[in-house]
$ cat structure09.txt   # compact mmCIF, C-alpha atoms (C1' of nucleotides)
# COMPACT_ATOMS: atom_id res chain seq x y z
CA MET M 1 198.36 123.96 143.88
CA ASN M 2 196.78 120.63 143.21
CA ALA M 3 193.68 119.06 144.60
CA TYR M 4 195.57 117.55 147.51
CA THR M 5 197.20 120.68 148.95
CA ARG M 6 194.57 123.34 148.59
CA LYS M 7 192.15 124.15 151.36
CA LYS M 8 189.32 122.16 149.87
CA GLN M 9 190.70 118.71 149.25
CA PRO M 10 188.21 116.86 147.08
CA LEU M 11 190.53 113.94 146.43
CA LEU M 12 190.97 113.37 150.14
CA ILE M 13 187.21 113.52 150.58
CA ARG M 14 186.86 111.04 147.79
CA ARG M 15 189.33 108.76 149.48
CA ALA M 16 187.54 109.06 152.81
CA LEU M 17 184.27 108.32 151.05
CA LEU M 18 185.72 105.15 149.59
CA ASP M 19 187.18 104.03 152.91
CA CYS M 20 184.06 104.76 154.90
CA ALA M 21 181.92 103.02 152.32
CA ALA M 22 184.04 99.92 152.83
CA GLN M 23 183.69 100.19 156.58
CA VAL M 24 179.94 100.62 156.40
CA ALA M 25 179.69 97.65 154.06
CA MET M 26 181.70 95.57 156.52
CA GLU M 27 179.59 96.53 159.48
CA ARG M 28 176.13 96.33 158.01
CA GLY M 29 176.65 94.07 155.02
CA VAL M 30 176.28 95.06 151.42
CA GLY M 31 172.52 95.18 151.83
CA GLY M 32 172.94 97.76 154.55
CA LEU M 33 175.27 99.88 152.49
CA THR M 34 173.28 103.04 151.90
CA MET M 35 174.41 106.31 150.41
CA GLN M 36 173.13 108.16 153.42
CA ALA M 37 175.15 106.03 155.81
CA VAL M 38 178.33 106.57 153.82
CA ALA M 39 177.76 110.30 153.69
CA ASP M 40 177.09 110.45 157.42
CA ALA M 41 180.23 108.45 158.22
CA VAL M 42 182.40 110.96 156.39
CA GLY M 43 180.54 114.02 157.57
CA VAL M 44 179.30 115.00 154.13
CA THR M 45 175.76 115.34 152.97
CA LYS M 46 174.24 112.92 150.56
CA GLY M 47 174.27 115.52 147.84
CA GLY M 48 178.00 115.93 148.32
CA LEU M 49 178.49 112.22 148.01
CA PHE M 50 176.54 112.18 144.78
CA HIS M 51 178.83 114.86 143.48
CA HIS M 52 181.80 112.51 143.75
CA PHE M 53 179.98 109.36 142.67
CA PRO M 54 177.11 109.80 140.22
CA ASN M 55 175.34 106.67 141.45
CA LYS M 56 175.68 103.83 143.88
CA GLN M 57 177.14 101.37 141.44
CA VAL M 58 180.06 103.65 140.65
CA LEU M 59 180.71 103.97 144.37
CA VAL M 60 180.76 100.25 144.96
CA GLU M 61 182.88 99.56 141.92
CA GLY M 62 185.27 102.23 143.12
CA MET M 63 185.63 100.45 146.44
CA PHE M 64 186.27 97.21 144.67
CA THR M 65 188.90 98.35 142.19
CA ASP M 66 190.61 100.08 145.08
CA LEU M 67 190.81 96.76 146.85
CA LEU M 68 192.13 95.04 143.75
CA ASP M 69 194.86 97.65 143.37
CA ARG M 70 196.09 97.00 146.88
CA LEU M 71 196.17 93.31 146.25
CA ASP M 72 198.18 93.94 143.11
CA VAL M 73 201.02 95.77 144.79
CA GLU M 74 200.97 93.34 147.69
CA ILE M 75 201.41 90.37 145.43
CA ASP M 76 204.06 92.05 143.31
CA THR M 77 206.24 92.92 146.28
CA SER M 78 205.78 89.46 147.69
CA MET M 79 206.83 87.85 144.42
CA ALA M 80 209.89 90.07 144.16
CA GLN M 81 211.24 88.53 147.35
CA ASP M 82 210.69 84.97 146.21
CA PRO M 83 213.84 83.35 144.75
CA LEU M 84 212.08 80.32 143.27
CA PRO M 85 210.20 81.07 140.04
CA HIS M 86 207.97 78.00 139.99
CA GLY M 87 204.76 78.69 141.89
CA SER M 88 205.84 82.14 142.97
CA PHE M 89 202.51 83.71 142.18
CA THR M 90 200.62 80.98 143.98
CA ARG M 91 202.78 81.46 147.06
CA ALA M 92 202.26 85.21 146.99
CA TYR M 93 198.55 84.64 146.56
CA VAL M 94 198.36 82.23 149.47
CA ASN M 95 200.36 84.54 151.71
CA SER M 96 198.25 87.52 150.78
CA ILE M 97 195.07 85.70 151.62
CA PHE M 98 196.26 84.30 154.91
CA THR M 99 198.51 86.97 156.33
CA GLY M 100 198.67 89.87 153.91
CA PRO M 101 198.10 93.29 155.49
CA SER M 102 195.14 94.27 153.37
CA TRP M 103 193.82 90.84 152.49
CA GLY M 104 194.80 88.91 155.56
CA LEU M 105 192.14 87.04 157.37
CA GLN M 106 192.15 89.41 160.29
CA THR M 107 191.20 92.37 158.19
CA LEU M 108 187.55 92.89 157.59
CA TRP M 109 188.14 93.53 153.93
CA SER M 110 187.28 89.94 153.38
CA ALA M 111 183.74 90.44 154.52
CA LEU M 112 183.34 93.26 152.07
CA PHE M 113 184.70 91.21 149.24
CA MET M 114 182.38 88.42 150.16
CA SER M 115 179.37 90.64 150.06
CA ALA M 116 180.55 92.13 146.82
CA MET M 117 180.49 88.73 145.14
CA THR M 118 176.74 89.01 144.99
CA GLU M 119 176.80 91.64 142.29
CA PRO M 120 177.56 90.52 138.75
CA ALA M 121 179.49 93.64 137.80
CA LEU M 122 181.92 93.09 140.65
CA ARG M 123 182.22 89.43 139.93
CA GLN M 124 183.35 90.29 136.46
CA LEU M 125 185.98 92.68 137.79
CA TRP M 126 187.34 89.91 139.96
CA SER M 127 187.20 87.43 137.14
CA GLU M 128 189.10 89.74 134.86
CA TRP M 129 191.71 90.42 137.50
CA MET M 130 192.32 86.75 138.08
CA GLY M 131 192.34 86.01 134.37
CA ALA M 132 194.94 88.66 133.70
CA ARG M 133 197.11 87.40 136.52
CA MET M 134 196.95 83.82 135.37
CA LEU M 135 197.89 84.85 131.87
CA ARG M 136 200.80 86.82 133.22
CA HIS M 137 202.12 83.96 135.32
CA GLN M 138 201.32 81.04 133.10
CA GLU M 139 205.00 80.18 132.78
CA THR M 140 205.41 79.64 136.49
CA ASP M 141 201.96 78.98 137.93
CA SER M 142 199.91 76.91 135.55
CA GLY M 143 199.02 73.32 136.25
CA LEU M 144 196.35 71.49 138.18
CA GLY M 145 198.33 71.14 141.39
CA LEU M 146 198.94 74.84 141.84
CA HIS M 147 195.38 75.56 140.79
CA ILE M 148 194.04 73.37 143.55
CA ILE M 149 196.32 75.02 146.06
CA ARG M 150 194.89 78.37 145.13
CA LEU M 151 191.39 76.98 145.42
CA ALA M 152 192.17 75.68 148.88
CA ALA M 153 193.37 79.12 149.88
CA ASP M 154 190.11 80.57 148.66
CA GLY M 155 188.25 77.93 150.61
CA ALA M 156 190.17 78.68 153.77
CA TRP M 157 189.31 82.30 153.36
CA LEU M 158 185.67 81.43 152.85
CA ALA M 159 185.68 79.20 155.90
CA PHE M 160 187.17 81.96 157.97
CA ILE M 161 184.45 84.36 156.95
CA THR M 162 181.67 81.95 157.67
CA SER M 163 183.10 80.90 160.99
CA GLY M 164 182.48 84.30 162.49
CA GLU M 165 186.17 85.14 162.86
CA ALA M 166 186.50 83.01 165.98
CA GLN M 167 188.50 80.33 164.24
CA ALA M 168 191.48 78.62 165.80
CA SER M 169 194.36 80.50 164.24
CA SER M 170 196.87 77.72 164.84
CA GLU M 171 195.00 75.44 162.48
CA LEU M 172 194.97 78.17 159.88
CA LEU M 173 198.71 78.51 160.15
CA ASP M 174 199.04 74.78 159.61
CA VAL M 175 196.96 75.01 156.49
CA GLN M 176 198.99 77.92 155.19
CA ALA M 177 202.29 76.17 155.84
CA HIS M 178 201.08 72.99 154.20
CA LEU M 179 199.88 74.82 151.13
CA LEU M 180 203.12 76.76 150.80
CA GLU M 181 205.13 73.61 151.08
CA GLN M 182 203.06 71.91 148.44
CA THR M 183 203.85 74.62 145.90
CA ARG M 184 207.39 73.22 145.81
CA ALA M 185 206.25 69.81 144.65
CA PRO M 186 205.90 69.05 140.93
CA MET Y 1 141.29 65.53 159.27
CA ASN Y 2 144.68 67.16 159.67
CA ALA Y 3 146.18 70.19 158.05
CA TYR Y 4 147.36 68.23 155.05
CA THR Y 5 144.12 66.55 153.96
CA ARG Y 6 141.54 69.23 154.42
CA LYS Y 7 140.64 71.54 151.61
CA LYS Y 8 142.67 74.43 152.90
CA GLN Y 9 146.18 73.09 153.28
CA PRO Y 10 148.21 75.61 155.21
CA LEU Y 11 151.25 73.35 155.48
CA LEU Y 12 151.33 72.96 151.71
CA ILE Y 13 151.02 76.70 151.34
CA ARG Y 14 153.90 77.09 153.72
CA ARG Y 15 155.96 74.71 151.66
CA ALA Y 16 155.11 76.53 148.44
CA LEU Y 17 156.03 79.78 150.14
CA LEU Y 18 159.43 78.41 151.04
CA ASP Y 19 160.06 77.04 147.56
CA CYS Y 20 158.95 80.18 145.78
CA ALA Y 21 161.01 82.32 148.11
CA ALA Y 22 164.06 80.31 147.11
CA GLN Y 23 163.23 80.68 143.45
CA VAL Y 24 162.74 84.41 143.73
CA ALA Y 25 166.01 84.71 145.61
CA MET Y 26 167.80 82.81 142.87
CA GLU Y 27 166.34 84.94 140.10
CA ARG Y 28 166.71 88.37 141.63
CA GLY Y 29 169.40 87.82 144.25
CA VAL Y 30 168.90 88.01 147.96
CA GLY Y 31 168.75 91.79 147.76
CA GLY Y 32 165.82 91.50 145.38
CA LEU Y 33 163.96 89.09 147.61
CA THR Y 34 160.85 90.94 148.69
CA MET Y 35 157.87 89.70 150.63
CA GLN Y 36 155.51 90.96 147.97
CA ALA Y 37 157.30 89.02 145.23
CA VAL Y 38 157.17 85.82 147.24
CA ALA Y 39 153.48 86.26 147.98
CA ASP Y 40 152.74 86.97 144.32
CA ALA Y 41 154.69 83.93 143.15
CA VAL Y 42 152.55 81.65 145.30
CA GLY Y 43 149.30 83.45 144.62
CA VAL Y 44 148.81 84.62 148.18
CA THR Y 45 148.53 88.14 149.46
CA LYS Y 46 151.27 89.68 151.52
CA GLY Y 47 149.09 89.51 154.60
CA GLY Y 48 148.73 85.78 154.08
CA LEU Y 49 152.47 85.40 153.83
CA PHE Y 50 152.92 87.31 157.06
CA HIS Y 51 150.50 84.91 158.67
CA HIS Y 52 152.91 82.04 158.02
CA PHE Y 53 156.15 83.90 158.65
CA PRO Y 54 156.01 86.70 161.22
CA ASN Y 55 158.88 88.57 159.59
CA LYS Y 56 161.34 88.39 156.74
CA GLN Y 57 164.20 86.96 158.75
CA VAL Y 58 162.17 83.93 159.75
CA LEU Y 59 161.31 83.35 156.10
CA VAL Y 60 164.93 83.51 154.97
CA GLU Y 61 166.13 81.30 157.78
CA GLY Y 62 163.41 78.85 156.88
CA MET Y 63 164.66 78.70 153.31
CA PHE Y 64 168.16 78.15 154.54
CA THR Y 65 167.50 75.37 156.99
CA ASP Y 66 165.46 73.72 154.28
CA LEU Y 67 168.50 73.79 152.03
CA LEU Y 68 170.68 72.39 154.77
CA ASP Y 69 168.26 69.52 155.29
CA ARG Y 70 168.49 68.57 151.64
CA LEU Y 71 172.25 68.60 151.81
CA ASP Y 72 172.04 66.37 154.84
CA VAL Y 73 170.11 63.60 153.15
CA GLU Y 74 172.21 63.95 150.02
CA ILE Y 75 175.42 63.42 151.93
CA ASP Y 76 174.01 60.58 154.00
CA THR Y 77 172.88 58.60 150.99
CA SER Y 78 176.19 59.27 149.26
CA MET Y 79 178.12 58.03 152.28
CA ALA Y 80 175.99 54.90 152.51
CA GLN Y 81 177.22 53.83 149.08
CA ASP Y 82 180.87 54.39 149.93
CA PRO Y 83 182.66 51.16 150.99
CA LEU Y 84 185.79 52.88 152.31
CA PRO Y 85 185.28 54.50 155.72
CA HIS Y 86 188.32 56.77 155.67
CA GLY Y 87 187.42 60.11 154.09
CA SER Y 88 183.90 59.03 153.24
CA PHE Y 89 182.35 62.28 154.43
CA THR Y 90 184.89 64.33 152.54
CA ARG Y 91 184.16 62.44 149.34
CA ALA Y 92 180.42 62.87 149.79
CA TYR Y 93 180.97 66.53 150.47
CA VAL Y 94 183.09 67.00 147.37
CA ASN Y 95 180.62 65.16 145.20
CA SER Y 96 177.69 67.12 146.55
CA ILE Y 97 179.41 70.39 145.83
CA PHE Y 98 180.52 69.48 142.33
CA THR Y 99 177.76 67.31 140.98
CA GLY Y 100 175.09 66.88 143.63
CA PRO Y 101 171.49 67.44 142.53
CA SER Y 102 170.65 70.21 144.98
CA TRP Y 103 174.10 71.63 145.58
CA GLY Y 104 175.83 70.95 142.31
CA LEU Y 105 177.61 73.79 140.64
CA GLN Y 106 175.08 74.10 137.87
CA THR Y 107 172.16 74.56 140.22
CA LEU Y 108 171.32 78.06 141.18
CA TRP Y 109 171.08 77.15 144.81
CA SER Y 110 174.73 78.01 145.03
CA ALA Y 111 174.07 81.61 144.16
CA LEU Y 112 171.43 81.79 146.81
CA PHE Y 113 173.72 80.28 149.39
CA MET Y 114 176.42 82.71 148.39
CA SER Y 115 174.20 85.68 148.87
CA ALA Y 116 173.00 84.26 152.14
CA MET Y 117 176.52 84.26 153.49
CA THR Y 118 176.33 87.97 153.89
CA GLU Y 119 173.91 87.71 156.75
CA PRO Y 120 175.42 86.78 160.11
CA ALA Y 121 172.44 84.73 161.28
CA LEU Y 122 172.70 82.45 158.26
CA ARG Y 123 176.44 82.20 158.53
CA GLN Y 124 175.99 80.87 162.01
CA LEU Y 125 173.52 78.27 160.79
CA TRP Y 126 176.09 77.09 158.27
CA SER Y 127 178.86 77.14 160.84
CA GLU Y 128 176.81 75.03 163.22
CA TRP Y 129 175.92 72.58 160.49
CA MET Y 130 179.54 72.10 159.52
CA GLY Y 131 180.63 71.85 163.13
CA ALA Y 132 178.09 69.14 163.87
CA ARG Y 133 179.12 67.21 160.78
CA MET Y 134 182.79 67.36 161.61
CA LEU Y 135 182.12 66.15 165.12
CA ARG Y 136 180.06 63.30 163.74
CA HIS Y 137 182.74 62.19 161.29
CA GLN Y 138 185.85 62.86 163.30
CA GLU Y 139 186.76 59.18 163.27
CA THR Y 140 186.96 59.04 159.49
CA ASP Y 141 187.45 62.60 158.26
CA SER Y 142 189.69 64.50 160.60
CA GLY Y 143 193.21 65.45 159.68
CA LEU Y 144 194.84 68.28 157.81
CA GLY Y 145 194.89 66.58 154.42
CA LEU Y 146 191.17 65.96 154.25
CA HIS Y 147 190.51 69.38 155.65
CA ILE Y 148 192.45 70.99 152.84
CA ILE Y 149 190.60 68.88 150.29
CA ARG Y 150 187.31 70.18 151.62
CA LEU Y 151 188.64 73.70 151.51
CA ALA Y 152 189.64 73.21 147.89
CA ALA Y 153 186.15 72.04 147.07
CA ASP Y 154 184.75 75.18 148.67
CA GLY Y 155 187.22 77.21 146.69
CA ALA Y 156 186.23 75.54 143.43
CA TRP Y 157 182.63 76.26 144.21
CA LEU Y 158 183.46 79.88 144.96
CA ALA Y 159 185.45 80.18 141.76
CA PHE Y 160 182.60 78.77 139.76
CA ILE Y 161 180.17 81.28 141.16
CA THR Y 162 182.46 84.21 140.54
CA SER Y 163 183.36 83.12 137.05
CA GLY Y 164 179.83 83.78 135.82
CA GLU Y 165 179.10 80.11 135.11
CA ALA Y 166 181.07 80.16 131.87
CA GLN Y 167 183.85 78.02 133.26
CA ALA Y 168 185.44 75.21 131.36
CA SER Y 169 183.67 72.22 132.79
CA SER Y 170 186.39 69.77 131.81
CA GLU Y 171 188.84 71.48 134.11
CA LEU Y 172 186.31 71.28 136.91
CA LEU Y 173 185.95 67.55 136.41
CA ASP Y 174 189.72 67.24 136.60
CA VAL Y 175 189.71 69.08 139.89
CA GLN Y 176 186.94 66.91 141.25
CA ALA Y 177 188.66 63.70 140.21
CA HIS Y 178 191.95 64.84 141.65
CA LEU Y 179 190.37 65.75 144.97
CA LEU Y 180 188.51 62.47 145.20
CA GLU Y 181 191.65 60.53 144.48
CA GLN Y 182 193.55 62.42 147.11
CA THR Y 183 191.08 61.38 149.81
CA ARG Y 184 192.51 57.89 149.50
CA ALA Y 185 196.02 58.99 150.41
CA PRO Y 186 197.11 59.07 154.05
C1' DA S 1 198.62 141.95 138.76
C1' DC S 2 194.01 141.36 139.15
C1' DA S 3 189.35 141.13 138.37
C1' DA S 4 185.92 138.90 135.48
C1' DA S 5 184.32 134.43 134.15
C1' DG S 6 183.54 130.01 134.79
C1' DA S 7 184.31 125.47 136.72
C1' DT S 8 184.31 122.71 140.90
C1' DA S 9 182.76 121.35 145.37
C1' DC S 10 179.62 121.12 148.15
C1' DC S 11 174.60 121.79 150.88
C1' DT S 12 169.42 122.04 151.50
C1' DA S 13 165.29 120.37 150.27
C1' DC S 14 162.72 117.50 148.06
C1' DC S 15 160.46 113.51 145.04
C1' DG S 16 158.71 109.01 143.34
C1' DG S 17 158.80 104.60 144.52
C1' DT S 18 159.44 100.59 147.40
C1' DT S 19 159.65 97.96 151.57
C1' DG S 20 158.58 95.53 155.82
C1' DG S 21 155.04 95.56 158.76
C1' DT S 22 150.22 96.19 160.92
C1' DA S 23 145.30 96.66 161.93
C1' DT S 24 141.11 95.01 160.66
C1' DG S 25 137.90 92.66 158.08
C1' DT S 26 136.08 88.12 155.91
C1' DT S 27 135.94 83.24 154.93
C1' DT S 28 136.64 78.45 156.13
C1' DA S 29 136.87 74.40 158.86
C1' DA S 30 136.07 71.89 163.28
C1' DT D 1 130.72 79.17 168.07
C1' DT D 2 135.23 79.84 167.68
C1' DA D 3 139.78 79.78 166.14
C1' DA D 4 142.69 79.46 162.36
C1' DA D 5 143.53 80.97 157.59
C1' DC D 6 143.46 84.07 154.80
C1' DA D 7 142.29 89.02 152.25
C1' DT D 8 142.11 94.22 152.19
C1' DA D 9 143.76 98.41 153.06
C1' DC D 10 146.92 101.12 154.80
C1' DC D 11 151.21 103.28 157.06
C1' DA D 12 155.76 104.95 158.49
C1' DA D 13 160.35 104.60 157.12
C1' DC D 14 163.68 104.47 153.96
C1' DC D 15 166.19 104.52 149.61
C1' DG D 16 168.37 106.19 145.39
C1' DG D 17 168.36 110.09 142.95
C1' DT D 18 167.43 115.13 141.43
C1' DA D 19 166.94 120.30 141.43
C1' DG D 20 168.67 124.37 142.58
C1' DG D 21 171.36 127.26 145.32
C1' DT D 22 175.96 128.90 147.48
C1' DA D 23 180.75 129.01 148.57
C1' DT D 24 185.30 128.16 146.90
C1' DC D 25 188.82 127.37 143.68
C1' DT D 26 191.09 127.89 138.88
C1' DT D 27 191.69 130.01 134.61
C1' DT D 28 191.73 133.68 131.46
C1' DG D 29 191.87 138.24 129.45
C1' DT D 30 193.90 142.42 129.79
$ encode --input "structure09.txt" --output "structure tokens"
Amino acid sequence: MNAYTRKKQPLLIRRALLDCAAQVAMERGVGGLTMQAVADAVGVTKGGLFHHFPNKQVLVEGMFTDLLDRLDVEIDTSMAQDPLPHGSFTRAYVNSIFTGPSWGLQTLWSALFMSAMTEPALRQLWSEWMGARMLRHQETDSGLGLHIIRLAADGAWLAFITSGEAQASSELLDVQAHLLEQTRAP
Amino acid sequence: MNAYTRKKQPLLIRRALLDCAAQVAMERGVGGLTMQAVADAVGVTKGGLFHHFPNKQVLVEGMFTDLLDRLDVEIDTSMAQDPLPHGSFTRAYVNSIFTGPSWGLQTLWSALFMSAMTEPALRQLWSEWMGARMLRHQETDSGLGLHIIRLAADGAWLAFITSGEAQASSELLDVQAHLLEQTRAP
DNA sequence: ACAAAGATACCTACCGGTTGGTATGTTTAA
DNA sequence: TTAAACATACCAACCGGTAGGTATCTTTGT
């Protein structure tokens, strides 16, 4: 009888804590992310929350690595379906940012990520993730052209966030298509 | 004898308040921006600060619009020196982001701006600024290609922030040059 | 098999410190 | 004199974190 199937399910609570923390951060911004609010959203007391996460930083970093893990599997599955090696990571990256289920523009995860960029510890996590990925795909995705395409995808994502999510989606699709097409060029 | 020339110079105090608020926000992040710290930095009591700015939000928005004004004049002067009309705004925008005095990557204003993006009120200010600029330069800077170039510049800026300022600057110059060159293409 | 022993998973109650904000006094300039 | 420009003193709310207790689960010894 593991922690998932017994009557008290601490791992499920932990998961709910992580999810609700993300939701609270999306709704009230990272400045409004308080331990009390997270605990209330799950239906646990603050003491219970501190049992799972010894301090706030661990909580936030937990949210973030969780997000990175999802992005990892999303990109890997996307790349597996791509027949052309050259630029395959860049295409998967672009698609994840624009229309991916957990990173797509419509999801509010973006807002969380944005807020998270404020904190140095999280920035380093992101930096390490990207560095590892670039090292892994240097055979197929190095070069200035592909780099700029990835930057443009980041910029589009940033623009979406700052626009208050009321952006014309048709223009976004144009951008996405144009970027994807450009990954085929030398 | 107006407010600038008399011995007590409230408008100068207000200006110092704005500047010091920006500096504090850069040093300690927007989360660490406290009214007390701003007042201390200027040498005014907190009550005095609240005399000039009725609440914190007004103070932060004041900082932000101030920043936007600087960007405005920076871009205008940059455009005035550009002989080619087509893409002139995009080039000025790219240059401001990469190497501009108040918005350049090395300045810490970027970090402040980044943090500011978390708050919806400031995001709207930015959105309105960009919207007005695009309307103003639609004759010379509309089109998908230039749009993507601007997005890439935003992305480069974002990447710089997240990389912890230890980025290889030569690569950044390559990106800048490549983007500028591409504004000349149809 | 089963109870003792101990670890885990919470809750209640609280603390020190900080924050934005206010109410009221005092000085300065016109 | 009078209004603006400050200073002083204070407050209510909140925040991250801790202390100590209780219920529940797991392991261990026999």
$ atom_distance --input "structure09.txt" --atom1 "atom CA of Cys20 of chain M" --atom2 "atom CA of Ala37 of chain M"
9.0 Å
$ closest_atom_pairs --input "structure09.txt" --of "chain M" --to "chain Y" --cutoff "8 Å" --atoms "only C-alpha atoms" --output "CSV"
residue,atom,partner,partner_atom,distance
M:Gly29,CA,Y:Thr118,CA,6.2
M:Val30,CA,Y:Thr118,CA,7.5
M:Gly31,CA,Y:Gly31,CA,6.5
M:Ala111,CA,Y:Thr118,CA,7.8
M:Met114,CA,Y:Thr118,CA,7.1
M:Ser115,CA,Y:Thr118,CA,5.6
M:Met117,CA,Y:Thr162,CA,6.7
M:Thr118,CA,Y:Ser115,CA,5.7
M:Pro120,CA,Y:Gly164,CA,7.7
M:Arg123,CA,Y:Thr162,CA,5.3
M:Gln124,CA,Y:Ser163,CA,7.2
M:Trp126,CA,Y:Thr162,CA,7.5
M:Ser127,CA,Y:Ser163,CA,5.8
M:Leu144,CA,Y:Val175,CA,7.3
M:Ile148,CA,Y:Ala152,CA,6.2
M:Ile149,CA,Y:Ala152,CA,7.2
M:Arg150,CA,Y:Ala152,CA,7.9
M:Leu151,CA,Y:Gly155,CA,4.4
M:Ala152,CA,Y:Ala152,CA,3.7
M:Ala153,CA,Y:Gly155,CA,7.2
M:Asp154,CA,Y:Gly155,CA,4.9
M:Gly155,CA,Y:Gly155,CA,4.1
M:Ala156,CA,Y:Leu151,CA,5.7
M:Leu158,CA,Y:Asp154,CA,7.6
M:Ala159,CA,Y:Leu151,CA,7.6
M:Thr162,CA,Y:Arg123,CA,5.3
M:Ser163,CA,Y:Ser127,CA,5.7
M:Gly164,CA,Y:Gln124,CA,7.4
M:Asp174,CA,Y:Leu144,CA,7.9
M:Val175,CA,Y:Ile148,CA,7.1
$ atom_distance --input "structure09.txt" --atom1 "atom CA of Arg70 of chain Y" --atom2 "atom CA of Arg91 of chain Y"
17.0 Å
$ closest_residue --input "structure09.txt" --among "S:DC11, S:DA29, S:DA23, S:DG6" --to "chain M" --atoms "all atoms listed in the file"
S:DC11
$ closest_atom_pairs --input "structure09.txt" --of "chain Y" --to "chain S" --cutoff "8 Å" --atoms "all atoms listed in the file" --output "CSV"
residue,atom,partner,partner_atom,distance
Y:Lys8,CA,S:DT28,C1',7.9
Y:Thr34,CA,S:DT19,C1',7.7
Y:Met35,CA,S:DG20,C1',7.8
Y:Asn55,CA,S:DG20,C1',7.9
Y:Lys56,CA,S:DG20,C1',7.7
$ atom_distance --input "structure09.txt" --atom1 "atom CA of Phe89 of chain Y" --atom2 "atom CA of Phe64 of chain Y"
21.3 Å
$ interface_residues --input "structure09.txt" --of "chain D" --to "chain M" --cutoff "10 Å" --atoms "only C-alpha atoms (C1' of nucleotides)" --output "list in words"
DC14, DC15, DG16, DG17, DT18, DT24, DC25 and DT26 of chain D
$ axis_aligned_box --input "structure09.txt" --around "segment 10-26 of chain D" --padding-each-side "5 Å" --output "lines of an AutoDock Vina configuration file"
center_x = 169.0
center_y = 115.1
center_z = 148.7
size_x = 54.2
size_y = 37.9
size_z = 29.6
